[in-house]
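Chemist: Handing you a structure now.
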Protein chains: 2
Amino acid sequence: MSERDFTKVSEEQVYDGRIITVVKGVFRYPDGEEAEREIVRHPGAVGMVAVDDTHVWLVRQPREAADDPDMLEIPAGKLDEEGEEPLDTGKRELAEEIGKKAERWEHLTTFFTSVGVMDEQVHLYLAEGLSDHQVEPPDHNERIEIVPWPLEKLDDAIAETRDSKTLVGLLMLQRRLQ
Amino acid sequence: MSERDFTKVSEEQVYDGRIITVVKGVFRYPDGEEAEREIVRHPGAVGMVAVDDTHVWLVRQPREAADDPDMLEIPAGKLDEEGEEPLDTGKRELAEEIGKKAERWEHLTTFFTSVGVMDEQVHLYLAEGLSDHQVEPPDHNERIEIVPWPLEKLDDAIAETRDSKTLVGLLMLQRRLQ
């Protein structure tokens with residue numbers, strides 16, 4: 001057993017919100033030390049790198065937490081449907097956000113957004129073989145602008161976006177295209 | 001003015017923690033609609049891609065929020081010193097975490113870790129021209145293992161890590177090395 005193999009001693013919820021909760025956990029290490037950690041719990045999310053021969057399909061949307069009305073992002077959605085698998089959430093959100101479906105899906109990576117304080121994981125997928133698939137978008141998507149971004153200008157999107165999942169997704173896309 | 005140009009109407013703190021706070025903000029859009037958003041406030045962080053001719057300098061450390069005793073990450077630190085500039089925090093943390101200083105620093109990108117719910121930004125820097133610079137590490141770093149990672153195996157580190165800043169940093173490094 002490594003000196004880093006902690007076990008959870010206790011956990012207490014200290015805030016119960018609409019999307020997130022906050023807990024205080026106590027963890028014990030093999031040397032006997034105990035550490036109290038404040039952890040934000042989040043249901044997780046999925047992001048889709050939807051690409052055809054000439055474009056990657058991005059969106060712009062207002063992000064109040066970032067004080068930005070025009071954040072450039074890959075399509076994405078929270079894992080907020082009970083029991084829905086990440087890939088199924090991805091398929092649903094791709095249709096709702098940009099009106100597309102994909103023939104081929106491939107898992108790119110899954111990562112923690114803020115590993116020191118939050119348990120949110122983002123599952124990133126590559127979606128290829130796109131075709132139109134219009135569905136009625138839910139209310140929360142109505143301020144989303146669809147932005148087909150030329151692959152030849154991928155560097156510009158990577159330079160502009162300030163969103164973690166979009167940076168990881170577009171950098172992974174660029175690596176595959178080279 | 002775009003339909004997405006929101007203004008903040010009010011903000012109320014609903015949780016006050018050790019590192020994070022949670023606020024409920026009300027935002028108004030030009031069409032009159034108001035949206036309530038739960039936002040986690042975090043002081044932000046800095047991450048360092050410290051590289052020499054043969055290695056990128058990584059660390060392994062326990063991350064309770066991710067339930068992982070051995071998360072593979074770039075050296076990093078919270079912006080928790082009053083008034084300290086991100087680059088200065090980066091220099092301090094590079095010495096504290098891996099015992100190095102760098103001749104050349106370059107800003108790579110700054111991104112929001114979880115743009116829907118949190119205001120945390122990570123400032124990423126490339127650090128080159130490394131030399132030994134031992135300082136007394138603070139207590140909170142004592143479980144950190146320093147991992148010099150061969151550049152020729154960069155793909156393996158990108159495949160293993162599950163940390164957003166490390167993915168972005170290593171993918172950007174790989175792009176520069178090609």
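Naming scheme: A, B, ... for chains in displayed order of the structure tokens; residues 1 onward per chain; ligands 1 onward as shown.
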Identify, on the basis of only C-alpha atoms, every residue whose closest approach to Asp155 (chain A) does not exceed 10 Å; exclude the query and any residue fewer than 4 positions from it along the same chain; express the result as a PDB file with N, CA, C and O atoms, in the first residue's frame.
Modeler:
```pdb
ATOM      1  N   LEU A 151     -12.140  23.773 -40.434  1.00  0.00           N
ATOM      2  CA  LEU A 151     -11.017  23.011 -39.869  1.00  0.00           C
ATOM      3  C   LEU A 151      -9.679  23.679 -40.172  1.00  0.00           C
ATOM      4  O   LEU A 151      -8.735  23.572 -39.398  1.00  0.00           O
ATOM      5  N   ALA A 159      -7.125  29.157 -29.902  1.00  0.00           N
ATOM      6  CA  ALA A 159      -6.625  30.391 -29.288  1.00  0.00           C
ATOM      7  C   ALA A 159      -7.744  31.177 -28.616  1.00  0.00           C
ATOM      8  O   ALA A 159      -7.525  31.863 -27.620  1.00  0.00           O
ATOM      9  N   GLU A 160      -8.977  31.074 -29.168  1.00  0.00           N
ATOM     10  CA  GLU A 160     -10.064  31.899 -28.628  1.00  0.00           C
ATOM     11  C   GLU A 160     -10.770  31.293 -27.414  1.00  0.00           C
ATOM     12  O   GLU A 160     -11.089  32.002 -26.457  1.00  0.00           O
ATOM     13  N   LEU A 170     -10.582  20.101 -28.966  1.00  0.00           N
ATOM     14  CA  LEU A 170     -10.037  20.629 -30.224  1.00  0.00           C
ATOM     15  C   LEU A 170      -8.549  20.286 -30.373  1.00  0.00           C
ATOM     16  O   LEU A 170      -8.080  20.025 -31.482  1.00  0.00           O
ATOM     17  N   LEU A 171      -7.813  20.274 -29.268  1.00  0.00           N
ATOM     18  CA  LEU A 171      -6.402  19.864 -29.345  1.00  0.00           C
ATOM     19  C   LEU A 171      -6.292  18.388 -29.738  1.00  0.00           C
ATOM     20  O   LEU A 171      -5.415  17.993 -30.510  1.00  0.00           O
ATOM     21  N   GLN A 174      -7.095  18.191 -33.448  1.00  0.00           N
ATOM     22  CA  GLN A 174      -5.972  18.659 -34.270  1.00  0.00           C
ATOM     23  C   GLN A 174      -4.868  17.592 -34.355  1.00  0.00           C
ATOM     24  O   GLN A 174      -4.276  17.384 -35.417  1.00  0.00           O
TER      25      GLN A 174
END
```
Chemist: For chain B, which residues have at least one atom within 7 Å of chain A, if we go by only C-alpha atoms? Write them as a list in words, please.
Modeler: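 Selected residues: Arg4, Asp5, Phe6, Tyr15, Ile39, Pro62, Arg63, Ala65, Ala66, Pro69, Thr110, Phe111, Phe112, Thr113, Ser114, Val115, Gly116, Val117, Met118, Asp119, Arg143, Arg162, Asp163, Ser164, Leu167, Val168 and Leu171 of chain B.
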Chemist: Residues within 12 Å of region 87-92 of chain B, please, as a PDB file with C-alpha atoms, in the first residue's frame. Count only C-alpha atoms; anything in the same chain fewer than 2 positions from it doesn't count.
Modeler:
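Result file follows (out.pdb):
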```
ATOM      1  CA  GLY B  44      -8.100  30.279  -9.578  1.00  0.00           C
ATOM      2  CA  ALA B  45      -4.920  28.370 -10.174  1.00  0.00           C
ATOM      3  CA  VAL B  46      -1.744  28.187 -12.196  1.00  0.00           C
ATOM      4  CA  GLY B  47      -0.206  25.152 -13.914  1.00  0.00           C
ATOM      5  CA  MET B  48       3.340  24.782 -15.224  1.00  0.00           C
ATOM      6  CA  VAL B  49       4.501  22.738 -18.215  1.00  0.00           C
ATOM      7  CA  ALA B  50       8.132  22.449 -17.123  1.00  0.00           C
ATOM      8  CA  ILE B  74       1.636  18.991 -14.133  1.00  0.00           C
ATOM      9  CA  PRO B  75       2.929  20.999 -11.135  1.00  0.00           C
ATOM     10  CA  ALA B  76       0.306  23.541 -10.114  1.00  0.00           C
ATOM     11  CA  GLY B  77      -0.956  25.692  -7.305  1.00  0.00           C
ATOM     12  CA  LYS B  78      -3.888  27.751  -6.186  1.00  0.00           C
ATOM     13  CA  LEU B  79      -3.798  31.536  -6.425  1.00  0.00           C
ATOM     14  CA  ASP B  80      -4.184  31.803  -2.690  1.00  0.00           C
ATOM     15  CA  GLU B  81      -1.589  34.442  -1.810  1.00  0.00           C
ATOM     16  CA  GLU B  82      -3.068  37.910  -1.589  1.00  0.00           C
ATOM     17  CA  GLY B  83      -2.118  39.998  -4.562  1.00  0.00           C
ATOM     18  CA  GLU B  84       0.365  37.542  -6.022  1.00  0.00           C
ATOM     19  CA  GLU B  85       0.438  37.542  -9.849  1.00  0.00           C
ATOM     20  CA  LEU B  94       7.544  25.180  -9.356  1.00  0.00           C
ATOM     21  CA  ALA B  95      10.245  25.522  -6.705  1.00  0.00           C
ATOM     22  CA  GLU B  96       8.053  24.141  -3.908  1.00  0.00           C
ATOM     23  CA  GLU B  97       6.688  21.164  -5.872  1.00  0.00           C
ATOM     24  CA  ILE B  98       9.624  19.971  -7.963  1.00  0.00           C
ATOM     25  CA  GLY B  99      12.602  22.013  -6.729  1.00  0.00           C
ATOM     26  CA  LYS B 100      13.235  23.792 -10.027  1.00  0.00           C
ATOM     27  CA  LYS B 101      13.442  27.282 -11.417  1.00  0.00           C
ATOM     28  CA  ALA B 102      13.138  28.261 -15.076  1.00  0.00           C
ATOM     29  CA  GLU B 103      14.991  30.789 -17.245  1.00  0.00           C
ATOM     30  CA  ARG B 104      12.143  31.245 -19.707  1.00  0.00           C
ATOM     31  CA  TRP B 105       8.411  31.511 -18.998  1.00  0.00           C
ATOM     32  CA  GLU B 106       5.709  31.718 -21.650  1.00  0.00           C
ATOM     33  CA  HIS B 107       1.952  32.018 -21.179  1.00  0.00           C
ATOM     34  CA  LEU B 108       0.196  29.175 -23.010  1.00  0.00           C
ATOM     35  CA  THR B 110      -5.950  30.652 -19.550  1.00  0.00           C
ATOM     36  CA  VAL B 122      -6.306  28.110 -14.686  1.00  0.00           C
ATOM     37  CA  HIS B 123      -3.345  30.035 -16.104  1.00  0.00           C
ATOM     38  CA  LEU B 124      -1.001  27.696 -17.962  1.00  0.00           C
ATOM     39  CA  TYR B 125       2.673  28.506 -18.485  1.00  0.00           C
ATOM     40  CA  LEU B 126       5.519  26.839 -20.331  1.00  0.00           C
ATOM     41  CA  ALA B 127       8.698  26.838 -18.209  1.00  0.00           C
ATOM     42  CA  GLU B 128      12.001  26.187 -19.964  1.00  0.00           C
ATOM     43  CA  LEU B 130      15.243  24.488 -15.863  1.00  0.00           C
ATOM     44  CA  HIS B 133      16.258  25.405  -6.984  1.00  0.00           C
ATOM     45  CA  GLN B 134      15.521  23.673  -3.716  1.00  0.00           C
ATOM     46  CA  VAL B 135      13.227  25.392  -1.243  1.00  0.00           C
ATOM     47  CA  GLU B 136      11.584  24.107   1.896  1.00  0.00           C
ATOM     48  CA  PRO B 137       8.267  22.677   0.686  1.00  0.00           C
ATOM     49  CA  PRO B 138       5.193  23.650   2.725  1.00  0.00           C
TER      50      PRO B 138
END
```
Chemist: Write out as JSON, numbers by chain the set of residues from chain B that DSSP, computed on the backbone, places in alpha helix (DSSP H).
Modeler: {"B": [86, 87, 88, 89, 90, 91, 92, 93, 94, 95, 96, 97, 98, 154, 155, 156, 157, 158, 159, 160, 164, 165, 166, 167, 168, 169, 170, 171, 172, 173, 174, 175, 176, 177]}
Chemist: Return as a ChimeraX atom specification the full set of residues in chain B whose backbone-based DSSP assignment is strand (DSSP E or B).
Modeler: /B:7-16,21-28,34-41,45-51,55-63,68-73,76-78,100-112,118,121-132,145-150,163
Chemist: Please, what distance in Å, to one decimal, runs between CA of Ile146 (chain B) and CA of Val59 (chain B)?
Modeler: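 Result for CA of Ile146 (chain B) versus CA of Val59 (chain B): 4.6 Å, one decimal.
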Chemist: Counting only C-alpha atoms, which of A:Asp132, A:Leu173, A:Glu93, A:Leu58 gets nearest to Trp149 (chain A)?
Modeler: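 The shortest atom-to-atom distance to Trp149 (chain A) comes from A:Leu58.
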Chemist: What is the CA of Pro86 (chain B)-CA of Val51 (chain B) distance in Å, reported with one decimal?
Modeler: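 For CA of Pro86 (chain B) relative to CA of Val51 (chain B), the distance reads 18.8 Å.
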Chemist: So, with only C-alpha atoms as the atoms that count, which of B:Asp53, B:Arg176, B:Glu12, B:Pro148 lies closest to Leu72 (chain B)?
Modeler: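 For Leu72 (chain B), the nearest of the candidates is B:Pro148.
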Chemist: Go ahead and compute the interatomic distance for CA of Glu152 (chain B) and CA of Thr54 (chain B), in Å to one decimal.
Modeler: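 The value is 7.8 Å.
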